[in-house]
file run13.txt (compact mmCIF, C-alpha atoms)
# COMPACT_ATOMS: atom_id res chain seq x y z
CA MET A 1 -20.57 3.21 28.43
CA THR A 2 -19.70 5.19 25.31
CA LEU A 3 -18.43 3.03 22.50
CA HIS A 4 -15.34 4.05 20.60
CA LEU A 5 -15.31 4.24 16.83
CA LEU A 6 -12.73 2.49 14.68
CA VAL A 7 -12.69 4.19 11.31
CA HIS A 8 -12.59 2.36 7.97
CA ALA A 9 -13.40 4.82 5.20
CA PHE A 10 -14.75 8.21 4.20
CA VAL A 11 -17.59 8.31 1.68
CA ARG A 12 -19.31 11.37 0.29
CA SER A 13 -22.70 11.89 1.89
CA GLY A 14 -25.40 10.13 -0.06
CA ASP A 15 -23.04 8.12 -2.27
CA LEU A 16 -23.86 4.83 -0.62
CA PRO A 17 -27.11 3.14 -1.66
CA PRO A 18 -29.88 4.01 0.84
CA ASN A 19 -30.17 0.54 2.32
CA TRP A 20 -26.50 -0.29 2.12
CA LYS A 21 -25.40 -2.39 5.04
CA ALA A 22 -22.25 -4.36 5.76
CA PRO A 23 -20.99 -6.34 8.71
CA SER A 24 -18.20 -4.81 10.70
CA PRO A 25 -14.80 -6.25 9.74
CA LEU A 26 -14.26 -6.67 13.46
CA GLY A 27 -17.09 -9.19 13.53
CA ASP A 28 -19.29 -7.36 15.99
CA GLY A 29 -22.53 -6.09 14.44
CA ASP A 30 -22.89 -3.92 11.37
CA LEU A 31 -20.91 -0.91 10.31
CA SER A 32 -22.27 2.48 11.32
CA LEU A 33 -22.16 5.76 9.47
CA VAL A 34 -21.16 8.98 11.18
CA ALA A 35 -22.21 12.00 9.14
CA GLY A 36 -20.26 15.23 9.11
CA GLY A 37 -18.64 17.75 6.80
CA GLY A 38 -20.34 16.33 3.73
CA PHE A 39 -19.04 12.84 4.45
CA ASP A 40 -20.36 9.59 5.80
CA VAL A 41 -17.63 7.93 7.82
CA LEU A 42 -17.79 4.15 8.00
CA VAL A 43 -16.97 3.01 11.50
CA SER A 44 -17.06 -0.07 13.67
CA SER A 45 -18.21 0.43 17.23
CA VAL A 46 -15.85 -1.03 19.76
CA GLU A 47 -15.80 -1.07 23.52
CA PRO A 48 -13.11 1.14 25.00
CA GLY A 49 -9.98 -0.95 25.20
CA ALA A 50 -11.32 -3.62 22.89
CA SER A 51 -9.51 -2.18 19.92
CA ASP A 52 -6.22 -2.61 21.75
CA SER A 53 -6.80 -6.31 22.02
CA LEU A 54 -7.30 -6.50 18.26
CA PHE A 55 -3.62 -5.91 17.87
CA ASP A 56 -2.27 -7.82 20.79
CA ASP A 57 -1.08 -10.69 18.71
CA ALA A 58 -0.12 -11.36 15.13
CA GLU A 59 -3.10 -13.50 14.31
CA ARG A 60 -5.63 -10.87 15.35
CA THR A 61 -3.69 -8.12 13.61
CA GLN A 62 -3.66 -10.11 10.41
CA ALA A 63 -7.35 -10.97 10.63
CA ALA A 64 -8.32 -7.37 11.31
CA ALA A 65 -6.12 -6.09 8.47
CA LEU A 66 -7.51 -8.54 5.94
CA ALA A 67 -11.11 -7.92 6.99
CA HIS A 68 -10.57 -4.15 6.72
CA HIS A 69 -9.04 -4.65 3.26
CA ASP A 70 -11.89 -6.91 2.15
CA LEU A 71 -14.42 -4.31 3.21
CA LEU A 72 -12.64 -1.61 1.23
CA CYS A 73 -12.37 -3.84 -1.83
CA SER A 74 -16.11 -4.50 -1.74
CA LEU A 75 -16.73 -0.79 -1.26
CA MET A 76 -14.91 -0.14 -4.53
CA GLU A 77 -17.91 -1.65 -6.28
CA GLU A 78 -20.29 0.78 -4.60
CA CYS A 79 -18.84 4.27 -4.62
CA ASP A 80 -15.81 6.51 -4.29
CA PHE A 81 -14.17 6.59 -0.89
CA LEU A 82 -10.99 7.35 1.01
CA PRO A 83 -9.52 4.33 2.79
CA VAL A 84 -8.37 4.97 6.33
CA ARG A 85 -5.26 3.43 7.80
CA LEU A 86 -6.29 0.58 10.05
CA GLY A 87 -6.08 1.32 13.73
CA ILE A 88 -7.53 4.80 14.06
CA VAL A 89 -10.08 5.13 16.80
CA TYR A 90 -12.15 8.08 17.95
CA SER A 91 -13.52 8.30 21.40
CA SER A 92 -16.93 9.55 20.19
CA ALA A 93 -18.90 10.63 17.15
CA GLU A 94 -18.47 14.24 18.24
CA THR A 95 -14.67 14.10 18.18
CA LEU A 96 -14.78 12.40 14.81
CA GLU A 97 -17.13 15.02 13.39
CA ARG A 98 -14.85 17.76 14.71
CA ALA A 99 -11.81 16.17 13.09
CA VAL A 100 -13.64 15.81 9.79
CA ALA A 101 -14.65 19.45 9.86
CA GLU A 102 -11.06 20.52 10.56
CA GLN A 103 -9.67 18.40 7.75
CA LYS A 104 -12.40 19.06 5.22
CA PRO A 105 -10.18 20.78 2.60
CA LEU A 106 -7.74 17.87 2.63
CA LEU A 107 -10.56 15.36 2.43
CA ASP A 108 -12.29 17.18 -0.40
CA GLY A 109 -9.05 17.38 -2.37
CA ALA A 110 -8.22 13.73 -1.86
CA MET A 111 -11.75 12.68 -2.73
CA ALA A 112 -11.62 14.62 -5.98
CA LEU A 113 -8.28 13.05 -6.85
CA CYS A 114 -9.53 9.54 -6.10
CA SER A 115 -12.89 9.86 -7.84
CA ALA A 116 -13.56 6.68 -9.87
CA ALA A 117 -9.94 5.76 -9.35
CA GLY A 118 -7.99 2.78 -8.17
CA GLU A 119 -4.32 2.42 -7.53
CA TYR A 120 -1.95 0.04 -9.25
CA THR A 121 1.37 -1.12 -7.93
CA VAL A 122 4.09 -1.27 -10.54
CA LYS A 123 7.30 -3.07 -9.68
CA VAL A 124 10.38 -3.77 -11.76
CA SER A 125 12.56 -6.68 -10.72
CA ARG A 126 15.73 -8.25 -11.97
CA ARG A 127 15.00 -11.37 -13.89
CA ARG A 128 16.24 -14.36 -11.98
CA ALA A 129 18.96 -15.94 -14.11
CA ALA A 130 20.80 -19.15 -13.60
CA ASN A 131 24.04 -18.01 -12.04
CA ALA A 132 26.59 -20.19 -13.72
CA GLU A 133 29.47 -18.19 -12.32
CA LYS A 134 28.27 -18.73 -8.79
CA ALA A 135 28.02 -22.43 -9.37
CA ALA A 136 31.52 -22.68 -10.81
CA ARG A 137 34.11 -22.91 -8.07
CA PRO A 138 37.26 -20.82 -8.68
CA VAL A 139 40.30 -22.97 -9.23
CA SER A 140 42.77 -20.52 -7.74
CA GLY A 141 42.96 -17.42 -5.59
CA ARG A 142 43.70 -15.37 -8.69
CA ASP A 143 40.55 -16.64 -10.40
CA TYR A 144 38.54 -15.96 -7.30
CA LEU A 145 39.78 -12.36 -7.04
CA LYS A 146 39.08 -11.72 -10.71
CA ALA A 147 35.57 -13.11 -10.41
CA ARG A 148 34.99 -11.00 -7.33
CA GLN A 149 36.13 -7.87 -9.14
CA ARG A 150 33.88 -8.72 -12.07
CA ARG A 151 30.90 -9.08 -9.77
CA ALA A 152 31.64 -5.76 -8.09
CA HIS A 153 31.75 -4.00 -11.45
CA GLN A 154 28.55 -5.72 -12.48
CA ARG A 155 26.80 -4.57 -9.30
CA ARG A 156 27.92 -1.00 -9.89
CA ASP A 157 26.72 -1.07 -13.49
CA ASP A 158 23.43 -2.64 -12.41
CA GLN A 159 22.92 0.08 -9.83
CA VAL A 160 23.37 2.82 -12.42
CA SER A 161 21.10 1.19 -14.97
CA SER A 162 18.46 0.45 -12.30
CA GLU A 163 18.37 4.08 -11.23
CA GLN A 164 18.04 5.23 -14.82
CA LEU A 165 15.35 2.68 -15.50
CA GLY A 166 13.41 3.70 -12.38
CA ALA A 167 13.54 7.39 -13.25
CA ALA A 168 12.40 6.74 -16.81
CA LEU A 169 9.60 4.46 -15.66
CA GLY A 170 8.31 7.04 -13.21
CA ASP A 171 8.13 9.60 -16.00
CA ARG A 172 6.33 7.19 -18.30
CA LEU A 173 3.78 6.20 -15.67
CA ALA A 174 3.08 9.85 -14.93
CA THR A 175 1.86 10.22 -18.50
CA LEU A 176 -0.47 7.23 -18.14
CA GLY A 177 -2.02 7.77 -14.71
CA ARG A 178 -3.53 10.62 -12.73
CA ALA A 179 -0.69 10.59 -10.25
CA VAL A 180 2.36 8.50 -9.42
CA ILE A 181 4.25 7.99 -6.19
CA ALA A 182 7.64 6.28 -6.00
CA ASP A 183 7.71 3.45 -3.46
CA SER A 184 10.57 2.01 -1.50
CA VAL A 185 12.08 -1.24 -2.70
CA GLN A 186 13.88 -1.78 0.58
CA ASN A 187 11.96 -4.97 1.32
CA SER A 188 12.16 -6.51 -2.12
CA PRO A 189 15.66 -7.80 -2.80
CA ASP A 190 15.04 -8.34 -6.51
CA ALA A 191 13.15 -5.10 -7.11
CA VAL A 192 14.94 -2.15 -8.65
CA ALA A 193 12.02 0.29 -8.80
CA ALA A 194 8.46 0.44 -7.55
CA PHE A 195 5.66 2.91 -8.01
CA THR A 196 2.02 3.32 -7.13
CA MET A 197 -0.01 4.78 -9.94
CA LEU A 198 -3.45 6.26 -9.48
CA SER A 199 -5.59 5.69 -12.51
CA ASP A 200 -9.16 5.16 -13.59
CA ARG A 201 -10.50 2.12 -11.79
CA GLN A 202 -11.14 0.55 -15.17
CA LEU A 203 -7.96 1.12 -17.11
CA SER A 204 -8.54 2.64 -20.51
CA THR A 205 -7.35 0.97 -23.66
CA ALA A 206 -4.72 3.65 -24.06
CA THR A 207 -3.38 3.06 -20.56
CA LEU A 208 -3.36 -0.70 -21.06
CA SER A 209 -1.48 -0.29 -24.32
CA GLY A 210 1.00 2.05 -22.67
CA LEU A 211 1.63 -0.39 -19.86
CA GLU A 212 2.06 -3.27 -22.26
CA LEU A 213 4.60 -1.26 -24.25
CA ILE A 214 6.53 -0.51 -21.07
CA ARG A 215 6.42 -4.17 -20.13
CA LYS A 216 7.93 -5.19 -23.47
CA GLU A 217 10.67 -2.60 -23.26
CA ILE A 218 11.55 -3.57 -19.73
CA ASP A 219 11.56 -7.21 -20.68
CA GLN A 220 14.06 -6.47 -23.44
CA GLN A 221 16.33 -4.85 -20.88
CA GLY A 222 16.38 -8.02 -18.82
CA TYR A 223 13.87 -7.02 -16.15
CA GLU A 224 10.37 -8.10 -15.22
CA LEU A 225 7.43 -5.78 -14.76
CA GLN A 226 4.73 -6.69 -12.27
CA ILE A 227 1.51 -4.71 -12.09
CA ARG A 228 -1.21 -5.30 -9.52
CA GLY A 229 -4.51 -3.63 -8.98
CA PRO A 230 -6.84 -1.98 -8.78
CA TRP A 231 -6.40 -1.49 -5.05
CA PRO A 232 -8.40 0.91 -2.95
CA PRO A 233 -6.57 4.24 -3.20
CA TYR A 234 -4.56 3.78 -0.01
CA ARG A 235 -1.50 5.73 -1.14
CA PHE A 236 -3.51 8.65 -2.43
CA SER A 237 -6.03 8.96 0.36
CA GLN A 238 -4.33 12.12 1.59
CA GLY A 239 -3.85 13.57 -1.86
CA GLU A 240 -0.80 13.41 -4.06
CA ALA A 241 1.53 14.46 -1.29
CA ALA A 242 0.83 11.29 0.70
CA MET B 1 -9.98 -5.82 -20.94
CA SER B 2 -7.97 -8.41 -22.80
CA GLN B 3 -7.07 -11.58 -20.96
CA GLU B 4 -3.40 -10.97 -21.62
CA TYR B 5 -3.52 -8.24 -19.00
CA ALA B 6 -4.47 -10.68 -16.27
CA PRO B 7 -1.18 -10.11 -14.40
CA TRP B 8 -2.52 -6.94 -12.89
CA GLU B 9 -5.80 -8.27 -11.80
CA ASP B 10 -5.82 -8.69 -8.09
CA ASP B 11 -5.58 -12.47 -7.91
CA ASP B 12 -1.90 -12.23 -7.13
CA GLU B 13 -2.16 -9.98 -4.15
CA THR B 14 0.02 -11.33 -1.45
CA LEU B 15 -0.56 -11.11 2.23
CA VAL B 16 2.43 -8.90 2.68
CA ASP B 17 1.25 -6.48 0.01
CA VAL B 18 -2.09 -6.18 1.72
CA LEU B 19 -0.62 -5.71 5.18
CA ASP B 20 1.85 -3.16 3.90
CA ARG B 21 -0.95 -1.07 2.47
CA VAL B 22 -3.53 -1.47 5.19
CA LEU B 23 -1.11 -0.70 8.00
CA ASP B 24 1.42 1.61 6.39
CA VAL B 25 -0.68 3.90 4.26
CA GLY B 26 -4.21 5.14 4.10
CA LEU B 27 -5.85 8.22 5.40
CA VAL B 28 -4.85 9.52 8.81
CA VAL B 29 -7.12 12.38 9.76
CA VAL B 30 -5.38 14.63 12.18
CA GLY B 31 -7.61 15.69 14.97
CA ASP B 32 -8.82 14.33 18.23
CA LEU B 33 -7.85 10.84 17.39
CA ARG B 34 -5.60 8.19 18.62
CA LEU B 35 -4.32 5.01 17.18
CA SER B 36 -6.14 2.05 18.53
CA VAL B 37 -3.04 0.88 20.27
CA ALA B 38 -1.81 3.29 22.85
CA ASP B 39 1.63 1.80 22.51
CA ILE B 40 2.11 1.88 18.75
CA ASP B 41 5.00 -0.55 19.01
CA LEU B 42 2.43 -3.19 19.77
CA VAL B 43 1.08 -2.89 16.25
CA TYR B 44 4.56 -3.07 14.83
CA VAL B 45 5.42 -6.13 16.85
CA GLY B 46 2.23 -7.84 15.78
CA VAL B 47 2.84 -7.08 12.15
CA LYS B 48 6.43 -8.17 12.28
CA LEU B 49 5.34 -11.55 13.51
CA VAL B 50 2.94 -11.91 10.64
CA ALA B 51 5.18 -10.72 7.87
CA ALA B 52 8.86 -10.32 8.42
CA SER B 53 9.21 -8.10 5.38
CA ILE B 54 7.54 -5.30 7.27
CA ASP B 55 10.71 -4.92 9.27
CA LYS B 56 11.15 -1.72 7.31
CA ILE B 57 9.21 -0.09 10.07
CA GLU B 58 12.14 -0.66 12.34
CA ARG B 59 14.69 0.43 9.79
CA SER B 60 12.93 3.51 8.59
CA PRO B 61 12.75 6.51 10.91
CA GLU B 62 10.62 8.16 8.23
CA ILE B 63 7.88 5.57 8.54
CA LYS B 64 7.97 5.63 12.31
CA GLN B 65 7.71 9.38 12.16
CA SER B 66 4.65 9.14 9.96
CA PHE B 67 2.86 7.44 12.79
CA LEU B 68 4.20 9.17 15.84
CA PRO B 69 2.70 12.65 15.44
CA GLN B 70 -0.75 11.10 15.17
CA VAL B 71 -0.63 9.43 18.53
CA VAL B 72 -2.61 11.36 21.06
CA ALA B 73 -2.30 9.97 24.51
call {"tool": "encode", "arguments": {"input": "run13.txt", "output": "structure tokens"}}
result
Amino acid sequence: MTLHLLVHAFVRSGDLPPNWKAPSPLGDGDLSLVAGGGFDVLVSSVEPGASDSLFDDAERTQAAALAHHDLLCSLMEECDFLPVRLGIVYSSAETLERAVAEQKPLLDGAMALCSAAGEYTVKVSRRRAANAEKAARPVSGRDYLKARQRRAHQRRDDQVSSEQLGAALGDRLATLGRAVIADSVQNSPDAVAAFTMLSDRQLSTATLSGLELIRKEIDQQGYELQIRGPWPPYRFSQGEAA
Amino acid sequence: MSQEYAPWEDDDETLVDVLDRVLDVGLVVVGDLRLSVADIDLVYVGVKLVAASIDKIERSPEIKQSFLPQVVA
């Protein structure tokens, strides 16, 4: 029976230490390397169909995702790499090698971009304020309608200032990092703007100072800045156009 | 690095942040590949159970589309 290969990451050939070994995040033996196109591809061997069962319930999906992430975080201490979206399986080493060969220009470009880099998530949120108005009950219909109108105007003003703030922040981050991608804030009710910035894995003093200045300015405008990282370069693993 | 910059060290990573990144982004090499789940909805359903915030998959045709072309039966 030919085992299938679940892919975790692309590393440049020879970048991993010679005796480097790591257990498969799927908990079944060690990781294997498939060589091709100037890359070593880190894979877990899985029985055909077994990978499907990894995702057949929430608990397994979560465990597999966290183990994959842990592997990539530990890999950040070893070498440059391109993280692969969890859940990609090749039917054989040959098909994987063929795919690598076909995508070599993209991989080379992304690898160059992500060299010695990590990504940082940057999110701006509205500061949670005690909402005295909400707590106060209107004494009449007229008061209620006035308060409602005031809130509508406030929301409109907030929307405009949030968009301006987001655009300005994106421009500022672009001067600090290698590349910046705007993220959706659809799932974060308090967030008004979010970005992923690719930067040196170890942020330089200049970048840290720049981020701290941005944080202070945003704080003065009544917002909070949250920065997390470095993450493996997930968002930039297909180049800047990802 | 000064300690005052601790907020962007990775201690604060949340489960949802990790799942969003591991499952939504990352390299997808186009070729003779398939997602590990023949029915990609299975992944989505699993994720939704873990972290409700990833319901964006359902609301965003763009995200769904980013997966669909990669699925090779």
call {"tool": "interface_residues", "arguments": {"input": "run13.txt", "of": "chain A", "to": "chain B", "cutoff": "7 Å", "atoms": "only C-alpha atoms", "output": "number ranges by chain"}}
result
A: 51-52, 55-58, 61-62, 65, 69, 82-90, 95, 99, 103, 187, 227-230, 234-235, 237-238
call {"tool": "write_last_selection", "arguments": {"input": "run13.txt", "atoms": "C-alpha atoms", "output": "compact mmCIF listing (two decimals), in the coordinates of the input"}}
result
# COMPACT_ATOMS: atom_id res chain seq x y z
CA SER A 51 -9.51 -2.18 19.92
CA ASP A 52 -6.22 -2.61 21.75
CA PHE A 55 -3.62 -5.91 17.87
CA ASP A 56 -2.27 -7.82 20.79
CA ASP A 57 -1.08 -10.69 18.71
CA ALA A 58 -0.12 -11.36 15.13
CA THR A 61 -3.69 -8.12 13.61
CA GLN A 62 -3.66 -10.11 10.41
CA ALA A 65 -6.12 -6.09 8.47
CA HIS A 69 -9.04 -4.65 3.26
CA LEU A 82 -10.99 7.35 1.01
CA PRO A 83 -9.52 4.33 2.79
CA VAL A 84 -8.37 4.97 6.33
CA ARG A 85 -5.26 3.43 7.80
CA LEU A 86 -6.29 0.58 10.05
CA GLY A 87 -6.08 1.32 13.73
CA ILE A 88 -7.53 4.80 14.06
CA VAL A 89 -10.08 5.13 16.80
CA TYR A 90 -12.15 8.08 17.95
CA THR A 95 -14.67 14.10 18.18
CA ALA A 99 -11.81 16.17 13.09
CA GLN A 103 -9.67 18.40 7.75
CA ASN A 187 11.96 -4.97 1.32
CA ILE A 227 1.51 -4.71 -12.09
CA ARG A 228 -1.21 -5.30 -9.52
CA GLY A 229 -4.51 -3.63 -8.98
CA PRO A 230 -6.84 -1.98 -8.78
CA TYR A 234 -4.56 3.78 -0.01
CA ARG A 235 -1.50 5.73 -1.14
CA SER A 237 -6.03 8.96 0.36
CA GLN A 238 -4.33 12.12 1.59
call {"tool": "atom_distance", "arguments": {"input": "run13.txt", "atom1": "CA of Met111 (chain A)", "atom2": "CA of Asp15 (chain A)"}}
result
12.2 Å
call {"tool": "atom_distance", "arguments": {"input": "run13.txt", "atom1": "CA of Ser199 (chain A)", "atom2": "CA of Asp183 (chain A)"}}
result
16.2 Å
call {"tool": "residues_around", "arguments": {"input": "run13.txt", "residues": "Ser13 (chain A)", "least_positions_apart": "6", "cutoff": "6 Å", "atoms": "all atoms listed in the file", "output": "MDAnalysis selection string"}}
result
chainID A and resid 38:40
call {"tool": "atom_distance", "arguments": {"input": "run13.txt", "atom1": "CA of Gly29 (chain A)", "atom2": "CA of Ala9 (chain A)"}}
result
17.0 Å
call {"tool": "closest_residue", "arguments": {"input": "run13.txt", "among": "A:Gly14, A:Gly118, A:Pro189, A:Gly141", "to": "Pro233 (chain A)", "atoms": "all atoms listed in the file"}}
result
A:Gly118
call {"tool": "residues_around", "arguments": {"input": "run13.txt", "residues": "Asp28 (chain A)", "least_positions_apart": "4", "cutoff": "9 Å", "atoms": "only C-alpha atoms", "output": "JSON, numbers by chain"}}
result
{"A": [23, 24, 44, 45, 46]}
